[in-house]
Structure formats: structure tokens, C-alpha cells
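Chemist: Structure supplied as work-v8.txt; contents: compact mmCIF, C-alpha atoms.
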```txt
# COMPACT_ATOMS: atom_id res chain seq x y z
CA MET E 1 0.00 0.00 0.00
CA LYS E 2 2.82 2.33 0.95
CA ASN E 3 4.53 1.63 -2.35
CA LYS E 4 1.31 2.39 -4.21
CA ILE E 5 0.91 5.74 -2.42
CA LYS E 6 4.56 6.53 -3.05
CA TYR E 7 4.09 5.69 -6.72
CA VAL E 8 1.01 7.98 -6.99
CA VAL E 9 2.82 10.87 -5.26
CA ILE E 10 5.86 10.56 -7.51
CA SER E 11 3.67 10.33 -10.62
CA PHE E 12 1.73 13.42 -9.55
CA MET E 13 4.94 15.38 -8.94
CA LEU E 14 6.32 14.37 -12.33
CA LEU E 15 3.06 15.48 -13.97
CA ILE E 16 3.27 18.89 -12.28
CA ILE E 17 6.92 19.29 -13.30
CA GLY E 18 6.00 18.34 -16.87
CA ILE E 19 3.20 20.90 -17.06
CA ILE E 20 5.46 23.64 -15.65
CA SER E 21 8.23 22.73 -18.12
CA ILE E 22 5.88 22.87 -21.07
CA ASN E 23 4.67 26.32 -20.04
CA LEU E 24 8.17 27.60 -19.36
CA PHE E 25 9.91 26.29 -22.44
CA GLN E 26 7.20 26.12 -25.07
CA PRO E 27 8.72 28.23 -27.88
CA ASN E 28 5.47 29.37 -29.46
CA LYS E 29 3.65 30.28 -26.27
CA GLU E 30 2.28 33.82 -26.38
CA GLN E 31 3.56 36.07 -23.61
CA GLN E 32 0.56 37.65 -21.91
CA VAL E 33 0.74 41.39 -21.29
CA LYS E 34 -1.52 43.84 -19.51
CA GLY E 35 -1.97 47.60 -19.27
CA THR E 36 -3.34 50.57 -21.18
CA ILE E 37 -2.01 52.44 -24.22
CA GLU E 38 -3.47 55.64 -25.65
CA LEU E 39 -2.50 56.57 -29.21
CA LEU E 40 -2.81 60.00 -30.85
CA VAL E 41 -2.93 59.30 -34.58
CA ASN E 42 -3.51 61.02 -37.91
CA GLU E 43 -6.74 60.58 -39.84
CA ASN E 44 -5.06 58.60 -42.65
CA SER E 45 -4.16 55.68 -40.36
CA TYR E 46 -7.00 56.02 -37.82
CA ASP E 47 -9.21 53.23 -39.20
CA TYR E 48 -6.26 50.86 -39.55
CA LEU E 49 -5.10 51.43 -35.98
CA ILE E 50 -8.65 51.03 -34.66
CA GLU E 51 -8.75 47.60 -36.32
CA CYS E 52 -5.29 46.74 -34.96
CA ALA E 53 -6.32 47.78 -31.46
CA ASN E 54 -9.51 45.71 -31.49
CA ASN E 55 -7.74 42.59 -32.77
CA PHE E 56 -4.85 43.04 -30.33
CA MET E 57 -7.23 43.32 -27.37
CA LYS E 58 -8.97 40.11 -28.42
CA LEU E 59 -5.62 38.32 -28.27
CA ASN E 60 -4.59 40.09 -25.05
CA ASP E 61 -7.70 40.42 -22.93
CA LYS E 62 -5.97 42.26 -20.08
CA THR E 63 -5.06 45.23 -22.28
CA LEU E 64 -6.89 48.41 -23.26
CA ILE E 65 -5.81 50.23 -26.45
CA ILE E 66 -7.39 53.67 -26.96
CA ILE E 67 -7.12 55.32 -30.38
CA LYS E 68 -7.76 59.07 -30.66
CA LYS E 69 -7.61 61.31 -33.72
CA LEU E 70 -4.90 63.93 -33.54
CA GLU E 71 -6.34 67.42 -34.06
CA ASN E 72 -2.99 69.24 -34.00
CA TYR E 73 0.60 68.47 -33.05
CA ASN E 74 0.42 70.66 -29.93
CA GLU E 75 -1.49 67.78 -28.31
CA ILE E 76 1.68 65.70 -28.64
CA ALA E 77 3.81 68.44 -27.08
CA ASP E 78 1.39 68.68 -24.15
CA LYS E 79 1.52 64.92 -23.57
CA ALA E 80 5.32 64.89 -23.75
CA LYS E 81 5.57 67.65 -21.13
CA GLU E 82 3.35 65.90 -18.59
CA THR E 83 5.40 65.03 -15.52
CA THR E 84 2.70 63.23 -13.55
CA LYS E 85 3.37 59.52 -13.48
CA THR E 86 0.59 57.53 -15.06
CA GLN E 87 -0.07 53.90 -15.78
CA ILE E 88 -1.29 54.89 -19.25
CA THR E 89 1.31 54.82 -22.01
CA ASN E 90 1.00 57.58 -24.62
CA ILE E 91 2.15 56.92 -28.18
CA ALA E 92 1.92 59.52 -30.96
CA GLN E 93 2.09 59.40 -34.74
CA ILE E 94 4.39 62.14 -36.02
CA ASP E 95 7.00 62.79 -38.74
CA ARG E 96 10.57 63.88 -38.03
CA PHE E 97 10.10 67.46 -39.31
CA SER E 98 7.13 68.08 -37.01
CA PHE E 99 8.97 66.36 -34.15
CA ASP E 100 11.78 68.89 -34.50
CA GLU E 101 9.35 71.78 -34.94
CA LEU E 102 7.81 70.92 -31.57
CA LYS E 103 11.30 70.82 -30.04
CA LEU E 104 10.69 67.35 -28.63
CA ASP E 105 14.37 66.45 -28.95
CA ASN E 106 14.86 66.68 -25.17
CA TYR E 107 12.12 64.25 -24.15
CA GLU E 108 12.80 60.86 -22.55
CA TYR E 109 13.76 58.45 -25.32
CA TYR E 110 11.92 55.16 -25.20
CA ASN E 111 14.14 52.99 -27.35
CA LYS E 112 17.56 53.99 -26.04
CA GLU E 113 19.28 50.76 -26.99
CA ASP E 114 17.45 50.59 -30.34
CA LYS E 115 16.46 46.98 -29.64
CA LEU E 116 13.04 47.15 -31.28
CA LEU E 117 14.33 49.14 -34.26
CA ASN E 118 17.34 46.86 -34.71
CA ASP E 119 15.17 43.74 -34.64
CA TYR E 120 13.21 45.00 -37.63
CA SER E 121 15.68 47.34 -39.37
CA LYS E 122 16.10 44.99 -42.34
CA ASN E 123 12.37 45.26 -42.98
CA PHE E 124 12.59 49.04 -43.41
CA SER E 125 14.42 51.04 -46.07
CA GLN E 126 17.61 52.52 -44.71
CA TYR E 127 16.43 56.06 -45.44
CA ARG E 128 13.48 55.46 -43.07
CA VAL E 129 15.75 54.11 -40.35
CA ARG E 130 17.86 57.27 -40.63
CA GLN E 131 14.77 59.44 -40.35
CA VAL E 132 14.06 58.11 -36.87
CA LYS E 133 17.66 58.29 -35.68
CA TYR E 134 18.40 61.17 -33.35
CA GLY E 135 22.03 61.15 -32.33
CA ASP E 136 22.78 57.79 -30.73
CA ASN E 137 19.09 57.05 -30.10
CA SER E 138 15.96 56.50 -32.14
CA ILE E 139 12.88 58.63 -31.59
CA GLY E 140 10.46 55.94 -32.69
CA ILE E 141 9.53 53.21 -35.15
CA PRO E 142 8.63 53.86 -38.82
CA LEU E 143 4.91 53.45 -39.51
CA THR E 144 4.14 55.07 -42.87
CA SER E 145 6.26 56.28 -45.80
CA ARG E 146 5.86 58.76 -48.65
CA PRO E 147 7.84 57.50 -51.68
CA LEU E 148 7.46 60.11 -54.43
CA ALA E 149 6.25 59.17 -57.91
CA PHE E 150 5.59 61.16 -61.07
CA TYR E 151 1.89 60.76 -61.89
CA ILE E 152 1.04 61.67 -65.49
CA ARG E 153 -2.29 61.78 -67.27
CA ASP E 154 -1.19 59.93 -70.40
CA ASP E 155 -4.32 60.51 -72.51
CA MET E 156 -4.10 64.28 -72.05
CA LEU E 157 -0.34 64.34 -72.65
CA LYS E 158 -0.86 62.37 -75.88
CA GLU E 159 -3.30 65.02 -77.15
CA TYR E 160 -0.39 67.48 -77.13
CA GLY E 161 1.90 65.06 -78.99
CA TYR E 162 4.05 63.71 -76.14
CA LYS E 163 4.63 60.51 -74.12
CA ARG E 164 5.73 60.20 -70.50
CA ASP E 165 9.11 58.82 -71.61
CA SER E 166 9.80 62.26 -73.07
CA MET E 167 9.97 63.78 -69.58
CA ASN E 168 13.11 62.24 -68.14
CA THR E 169 14.80 65.35 -66.71
CA TRP E 170 13.60 68.72 -65.43
CA GLU E 171 14.89 70.33 -68.63
CA ASP E 172 12.61 67.99 -70.59
CA VAL E 173 9.69 68.95 -68.33
CA ILE E 174 10.35 72.67 -68.82
CA ARG E 175 10.66 72.35 -72.60
CA ILE E 176 7.47 70.28 -72.95
CA GLY E 177 5.61 72.34 -70.35
CA LYS E 178 6.27 75.59 -72.20
CA ASP E 179 4.97 74.05 -75.42
CA ILE E 180 1.80 72.68 -73.79
CA TYR E 181 1.14 75.98 -72.03
CA THR E 182 1.32 77.74 -75.40
CA LYS E 183 -0.79 75.15 -77.25
CA SER E 184 -3.47 75.28 -74.53
CA ASN E 185 -3.61 79.08 -74.73
CA GLY E 186 -2.34 79.37 -71.19
CA LYS E 187 -4.87 76.99 -69.67
CA VAL E 188 -2.60 74.07 -68.77
CA SER E 189 0.43 74.35 -66.50
CA ILE E 190 1.49 70.74 -66.55
CA ILE E 191 2.55 70.04 -62.92
CA ASN E 192 0.19 70.64 -60.01
CA ALA E 193 1.71 72.70 -57.18
CA THR E 194 -1.09 73.25 -54.69
CA GLY E 195 -1.58 71.83 -51.18
CA GLN E 196 0.33 68.62 -50.46
CA ASP E 197 1.58 68.45 -54.05
CA TYR E 198 3.50 71.70 -53.52
CA GLU E 199 5.04 70.36 -50.30
CA ASP E 200 6.10 67.17 -52.08
CA LEU E 201 7.59 69.14 -54.97
CA LEU E 202 9.53 71.29 -52.51
CA ASP E 203 10.82 68.19 -50.70
CA LEU E 204 11.84 66.57 -53.98
CA LEU E 205 13.81 69.60 -55.17
CA THR E 206 15.47 69.87 -51.75
CA MET E 207 16.61 66.24 -51.88
CA GLU E 208 17.76 66.55 -55.50
CA CYS E 209 19.88 69.59 -54.63
CA PHE E 210 21.10 68.18 -51.30
CA SER E 211 24.78 67.41 -50.82
CA ASP E 212 27.00 66.92 -47.79
CA GLU E 213 29.52 69.29 -49.37
CA LYS E 214 27.09 72.18 -49.93
CA SER E 215 26.09 74.65 -47.23
CA ILE E 216 22.51 75.02 -46.04
CA GLU E 217 22.28 78.45 -47.65
CA GLN E 218 23.65 77.18 -50.95
CA ILE E 219 21.12 74.35 -51.15
CA LYS E 220 18.30 76.70 -50.16
CA LEU E 221 19.22 79.11 -52.97
CA GLU E 222 19.42 76.30 -55.54
CA VAL E 223 15.92 75.09 -54.61
CA GLN E 224 14.52 78.62 -54.73
CA ASP E 225 16.15 79.23 -58.13
CA MET E 226 14.64 76.01 -59.49
CA LEU E 227 11.19 76.93 -58.19
CA LYS E 228 11.50 80.37 -59.76
CA LYS E 229 12.50 78.83 -63.09
CA LEU E 230 9.53 76.46 -63.03
CA LYS E 231 7.12 79.28 -62.18
CA GLU E 232 8.48 81.65 -64.80
CA SER E 233 8.26 78.89 -67.42
CA ASN E 234 4.57 78.37 -66.55
CA ILE E 235 5.22 74.77 -65.53
CA LEU E 236 3.44 74.91 -62.16
CA ASN E 237 -0.29 75.08 -61.58
CA LEU E 238 -0.71 77.26 -58.49
CA GLU E 239 -4.51 77.54 -58.60
CA ASP E 240 -6.85 75.11 -56.83
CA GLU E 241 -9.13 74.92 -59.86
CA GLY E 242 -6.37 75.13 -62.47
CA GLU E 243 -5.71 72.53 -65.18
CA PHE E 244 -2.70 70.21 -65.02
CA LEU E 245 -1.69 66.78 -66.29
CA ALA E 246 1.02 65.68 -63.86
CA ARG E 247 1.72 65.47 -60.12
CA ILE E 248 4.72 64.80 -57.90
CA SER E 249 3.09 62.87 -55.08
CA SER E 250 2.80 59.65 -53.09
CA LEU E 251 0.00 57.16 -52.42
CA ASN E 252 -2.51 59.93 -51.68
CA ALA E 253 -2.47 60.84 -55.39
CA MET E 254 -3.41 57.27 -56.32
CA ARG E 255 -6.42 57.48 -53.98
CA GLU E 256 -7.55 60.80 -55.46
CA ILE E 257 -7.09 59.67 -59.07
CA MET E 258 -9.04 56.46 -58.36
CA GLN E 259 -11.98 58.64 -57.33
CA ILE E 260 -12.11 60.63 -60.60
CA LYS E 261 -15.40 59.83 -62.36
CA ASP E 262 -14.53 61.32 -65.76
CA VAL E 263 -12.81 59.08 -68.29
CA CYS E 264 -9.04 59.47 -67.87
CA THR E 265 -5.85 57.44 -68.17
CA TRP E 266 -2.98 57.90 -65.72
CA SER E 267 0.32 56.15 -65.08
CA ALA E 268 2.91 56.31 -62.29
CA GLY E 269 6.68 56.34 -62.70
CA ASN E 270 9.90 57.86 -61.45
CA VAL E 271 10.30 61.60 -60.90
CA PRO E 272 12.30 63.85 -63.27
CA SER E 273 16.02 64.01 -62.47
CA ILE E 274 18.23 67.09 -62.31
CA LYS E 275 20.39 65.71 -65.12
CA PRO E 276 20.48 62.54 -67.27
CA GLY E 277 21.58 59.49 -65.30
CA ALA E 278 21.04 61.08 -61.89
CA ASN E 279 19.11 59.43 -59.07
CA LYS E 280 15.34 59.22 -59.56
CA PHE E 281 14.40 57.51 -56.29
CA PHE E 282 13.24 59.87 -53.57
CA ALA E 283 10.84 59.81 -50.65
CA SER E 284 9.43 62.53 -48.45
CA GLU E 285 9.01 62.07 -44.70
CA GLY E 286 6.84 59.33 -43.30
CA ASP E 287 5.13 59.14 -39.92
CA ASN E 288 6.60 57.34 -36.94
CA LEU E 289 5.21 55.87 -33.74
CA VAL E 290 6.82 57.80 -30.89
CA VAL E 291 6.47 56.61 -27.30
CA LEU E 292 5.99 59.69 -25.10
CA ASN E 293 6.08 58.00 -21.70
CA GLN E 294 6.63 54.56 -20.24
CA THR E 295 7.44 52.61 -17.09
CA THR E 296 9.22 49.31 -16.65
CA ASP E 297 5.80 47.76 -16.02
CA ASN E 298 4.47 48.51 -19.50
CA GLU E 299 7.64 48.05 -21.56
CA LYS E 300 6.60 44.58 -22.78
CA LEU E 301 3.13 45.86 -23.68
CA ILE E 302 4.61 48.69 -25.78
CA GLU E 303 6.97 46.38 -27.60
CA LYS E 304 4.33 43.75 -28.31
CA PHE E 305 1.73 46.24 -29.55
CA ILE E 306 4.13 48.13 -31.84
CA LYS E 307 5.36 44.83 -33.29
CA TYR E 308 1.74 43.84 -33.94
CA VAL E 309 0.97 47.14 -35.71
CA ILE E 310 3.97 47.19 -38.03
CA THR E 311 3.87 43.48 -38.95
CA ASN E 312 0.11 43.13 -39.42
CA ASN E 313 0.55 42.59 -43.16
CA LYS E 314 -2.77 40.96 -44.00
CA GLU E 315 -4.77 43.90 -42.68
CA THR E 316 -2.27 46.52 -43.84
CA VAL E 317 -2.58 45.61 -47.52
CA LYS E 318 -6.31 46.43 -47.46
CA TYR E 319 -5.60 50.00 -46.39
CA VAL E 320 -2.68 50.43 -48.77
CA LYS E 321 -4.88 49.35 -51.69
CA LYS E 322 -7.47 51.95 -50.69
CA GLY E 323 -4.74 54.59 -50.70
CA ASP E 324 -5.10 55.43 -47.00
CA PHE E 325 -1.38 55.20 -46.26
CA PHE E 326 1.81 53.53 -47.49
CA SER E 327 3.25 51.15 -44.90
CA SER E 328 6.97 51.46 -44.11
CA TYR E 329 7.20 47.72 -43.44
CA LEU E 330 8.66 46.31 -46.67
CA TYR E 331 7.39 42.78 -46.05
CA THR E 332 3.87 44.16 -46.64
CA TYR E 333 4.53 44.26 -50.38
CA ILE E 334 5.24 40.57 -50.94
CA SER E 335 1.49 40.24 -51.34
CA LYS E 336 0.38 39.65 -54.94
CA GLU E 337 -2.58 41.92 -54.24
CA ILE E 338 -0.43 45.01 -54.82
CA GLU E 339 -0.27 44.04 -58.51
CA ASP E 340 -4.05 44.30 -58.96
CA ASP E 341 -5.35 46.80 -61.53
CA VAL E 342 -6.15 50.23 -60.18
CA LYS E 343 -9.04 52.28 -61.52
CA ASN E 344 -8.01 55.03 -64.02
CA PHE E 345 -4.42 53.67 -64.26
CA VAL E 346 -2.56 51.83 -67.02
CA GLY E 347 0.72 49.96 -66.79
CA LYS E 348 2.09 48.74 -63.48
CA SER E 349 0.08 49.37 -60.35
CA PRO E 350 1.12 52.60 -58.60
CA ILE E 351 1.66 50.52 -55.44
CA VAL E 352 4.28 48.39 -57.22
CA ILE E 353 5.98 51.56 -58.48
CA LEU E 354 5.97 53.12 -55.02
CA ASP E 355 7.30 49.93 -53.43
CA ASN E 356 10.22 49.96 -55.86
CA ILE E 357 10.94 53.61 -55.03
CA GLU E 358 10.70 52.90 -51.29
CA GLU E 359 13.26 50.11 -51.49
CA LYS E 360 15.75 52.05 -53.64
CA THR E 361 15.60 55.51 -52.04
CA PRO E 362 19.06 56.33 -50.65
CA GLY E 363 19.43 57.61 -47.11
CA ILE E 364 20.53 61.13 -46.21
CA ASN E 365 23.67 61.03 -44.07
CA ASP E 366 23.14 64.34 -42.27
CA TYR E 367 19.41 64.31 -41.65
CA GLU E 368 19.53 67.17 -39.17
CA LYS E 369 20.99 69.36 -41.93
CA TYR E 370 18.15 68.34 -44.24
CA ILE E 371 15.58 69.29 -41.59
CA LYS E 372 17.20 72.72 -41.17
CA ILE E 373 16.93 73.31 -44.92
CA LYS E 374 13.24 72.30 -44.88
CA GLN E 375 12.66 74.75 -42.05
CA ALA E 376 14.50 77.55 -43.88
CA LEU E 377 12.49 77.02 -47.08
CA ARG E 378 9.20 77.24 -45.19
CA VAL E 379 9.90 80.51 -43.41
CA PRO E 380 7.44 83.12 -44.80
```
Reformat the file's structure so that it appears as C-alpha cells.

Modeler:
Amino acid sequence: MKNKIKYVVISFMLLIIGIISINLFQPNKEQQVKGTIELLVNENSYDYLIECANNFMKLNDKTLIIIKKLENYNEIADKAKETTKTQITNIAQIDRFSFDELKLDNYEYYNKEDKLLNDYSKNFSQYRVRQVKYGDNSIGIPLTSRPLAFYIRDDMLKEYGYKRDSMNTWEDVIRIGKDIYTKSNGKVSIINATGQDYEDLLDLLTMECFSDEKSIEQIKLEVQDMLKKLKESNILNLEDEGEFLARISSLNAMREIMQIKDVCTWSAGNVPSIKPGANKFFASEGDNLVVLNQTTDNEKLIEKFIKYVITNNKETVKYVKKGDFFSSYLYTYISKEIEDDVKNFVGKSPIVILDNIEEKTPGINDYEKYIKIKQALRVP
């Protein structure tokens, strides 16, 4: 009897040890996290992050993810200045230029050892990694990107006797633009330069003129001279209701062109270069997820949620195809869905073109210098 009891006790202990071992060493076991995160996000990614939050909370039932639309960047500055300790983690969506404009460079860096960024750096273009670097630290994790393409309305361009291949350099654009402006009796200035399109054009010219050897003032003057030349040659449409047949833009242009109800034929390709053979791969600034406050208690929650957001490829593709935003996570674009036809476009899908630009855009070595030039060009 004693032996039987001893046998049962030993068997029970072995069973307990086995269960504990399985739970401790099971490689695929999900690590449970708890806590609350509040995100301040832009309208373009709001719906996507709402979906991410809901799905994440289903998988992690002890978490609460709150998504709020960002009305203005001052809300981020206010959150960053809060000194009261809170159990709620605040994360904001912001680009590097706006981050510097708010003078947030002295806030407490979340990712000091760059662990999260380093783990996924190969899945981001190097230019995007450099955009989030701030000295020896990183200010956040890339979320969205703005690779710049040259959108051309081919059917309209053909009416004036040209093809998109004719506009390889800015000199080509100026020559053809002058001719079309004359033929249209001054109605068509071929490149749109209003709203976001103007900002993208300004960024493109800044990057094309940028050089480590040139001074900030020299680059600024070169960009201003180029803008003046384009305006004087009647290349730029500066009126909201004006006619144009081309745009320097990112995924937002695809969304807007898809919504055009009139019959039209557009294509996307690389931007004009300063001279033949020069680089034609450029991207404006994307948005990043910046952690404004944290404690050691919620570090795992932050890391797990951000990983979920940036690697959620199946859901991300849906929003990219709608033109809501362009994901910085390169693995997103292995999906065959990005090759689907897009309304009002011919040739390769704009998403395929933008993906190619995103992968090949070179990084800027001195990004702080680039930001200073952007600031100087936007001073009234």
C-alpha cells in the first residue's frame, strides 16, 4: 500500500513538473501582457489602428488600447511635457520634421538601446531608419512612408503630342511644359503645385539639390532658383481649380485619381532628375510611432503592440490598396494583391511603383541638416 501511495505521489509530482516545463519552455507560447495604451494618430491611419487595437485586445484580454484622432501636433507636445506619473502609455504618430518643430528632442527616449528598431531594421528602407535616428538614439519606429512618384495623365499628354518617356529630366519637363502651355492658350500648366503636391515638390527639389559638401544656404538658394525657373516657365499650376496633367506625389495621389469619375488614363513612374543618369528615387518624410512616456511595467506591452501594428501585413494591404497610407514595413509588399489593376491607371500598379521607389531611395547622411533646410524654405 505504501509503495502504491509513493508511486502515486511521484507520478503526480512528475506530472506537475511536466506541465510547468511545457509552459516555461514552449517556444510558441504567447507572452501575456496587460496595461493601457493611448495613441494619438492622424486621420489617414486612424481606421487601420482602430482595427489593430480591437484585434490586439482580443488576443490580449488584459489590455486596453485607446485610439484618438490627432487634431494638432500641440497635443503631442502637451503629452510629452506631462510630468505626472501615469499607468497609461502615450504613443503619438508624427513625422521627423514636425517632431523637430515641436522641439521634442529633449524628451525621454523610449528605445535607447534601439532593440526594437534593430530587430526589424532589415524590414525598413535605410532612409526610413535614418529618419528616426536622433544622435545615438531613435525617436520611434517607422509606420508610414511617402515615396514620391511622377503621376502623369497619359491621354491628355498624348493630345499634345508627347509621351511620358519624353519627360526624363527637369529640362525635358520645362521644354514640354512651355509648349503645352502655349498650345493650350495658357490653360494648362502641366505640374500641379497646390496643397500637399506643392510640399512634395519642394521636398523633392530639396533632396535633389542636397549634398553633404554644400552649405545650407547654398542648397536653399538652388531650390529657390529652381522653383523660380519652373514658375516663370509656366510649368506649375498654383490655382486650386487650375488645369494640369502631372503630379509629384505619393499614395494619396493614387487614392484621389481612383476617385475621378470622368474618363481618364494615368500612369505612375519615377520623378524627373536634375540631369540625365542622376538618381530618380526619392521619398518625403513618413510618420513614426513615438512613445511619449513609459514605465518598466508597461515596456513589454509597448513592444508587443508596436510589433503587432507594423507586422500586421494581412490587414495593412487592405488600407494600402485603398490609398489610406503607405506602410513602411517592406514585407507588406510581398502580397500579390499590390499588382491588382487600379481604376483610371494603365501599366504597373502605382503601389508596385511606389514599393520599388521605397526600397531604392538612398538615405541622407546628415538628416539634421536636411531638416534645417526644410525649415528655412518654409519661413514666410

Chemist: Using only C-alpha atoms, pick whichever of E:Ser189, E:Thr311, E:Thr182, E:Thr316 has the shortest atom-to-atom distance to Leu236 of chain E.

Modeler: E:Ser189

Chemist: Could you check how far atom CA of Leu354 of chain E sits from atom CA of Ala278 of chain E, in Å to one decimal?

Modeler: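 Answer for the atom CA of Leu354 of chain E to atom CA of Ala278 of chain E separation: 18.4 Å.
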
Chemist: Could you tell me how far atom CA of Leu245 of chain E sits from atom CA of Ile191 of chain E, in Å to one decimal place?

Modeler: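 Computing the Euclidean distance for atom CA of Ile191 of chain E and atom CA of Leu245 of chain E yields 6.3 Å.
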
Chemist: Identify which of the residues E:Ala283, E:Ile139, E:Leu39, E:Ile257 lies closest to Leu116 of chain E, counting all atoms listed in the file when measuring atom-to-atom distances.

Modeler: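 Selected residue with least distance to Leu116 of chain E: E:Ile139.
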
Chemist: What is the distance between atom CA of Cys52 of chain E and atom CA of Ser328 of chain E, in Å to one decimal?

Modeler: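 Atom CA of Ser328 of chain E lies at a distance of 16.0 Å from atom CA of Cys52 of chain E.
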
Chemist: Under the rule that all atoms listed in the file are counted, which of E:Gln375, E:Tyr48, E:Glu232, E:Ile302 is the nearest residue to Val290 of chain E?

Modeler: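 Closest to Val290 of chain E of all the choices is E:Ile302.
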
Chemist: Give me, as a list in words, all polymer residues having an atom no more than 12 Å from Lys300 of chain E, counting all atoms listed in the file and skipping those fewer than 3 positions away in the same chain.

Modeler: Gln31, Gln32, Val33, Lys34, Gly35, Thr36, Ile37, Thr63, Thr89, Leu116, Gln294, Thr295, Thr296, Asp297, Glu303, Lys304, Phe305, Ile306 and Lys307 of chain E

Chemist: Closest to Met167 of chain E among E:Leu289, E:Ile76, E:Ile152, E:Ala53, using only C-alpha atoms?

Modeler: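 With only C-alpha atoms as the atom set, the closest residue is E:Ile152.
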
Chemist: Using only C-alpha atoms, which residues sit within 9 Å of Asn168 of chain E once same-chain residues fewer than 4 positions away are excluded, as a PyMOL selection string?

Modeler: chain E and resi 164+172-173+270-273+275-276

Chemist: Which is closest to Val291 of chain E among E:Ser250, E:Gln93, E:Ser267, E:Gln196, if we use only C-alpha atoms?

Modeler: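 Of E:Ser250, E:Gln93, E:Ser267, E:Gln196, the one nearest Val291 of chain E is E:Gln93, counting only C-alpha atoms.
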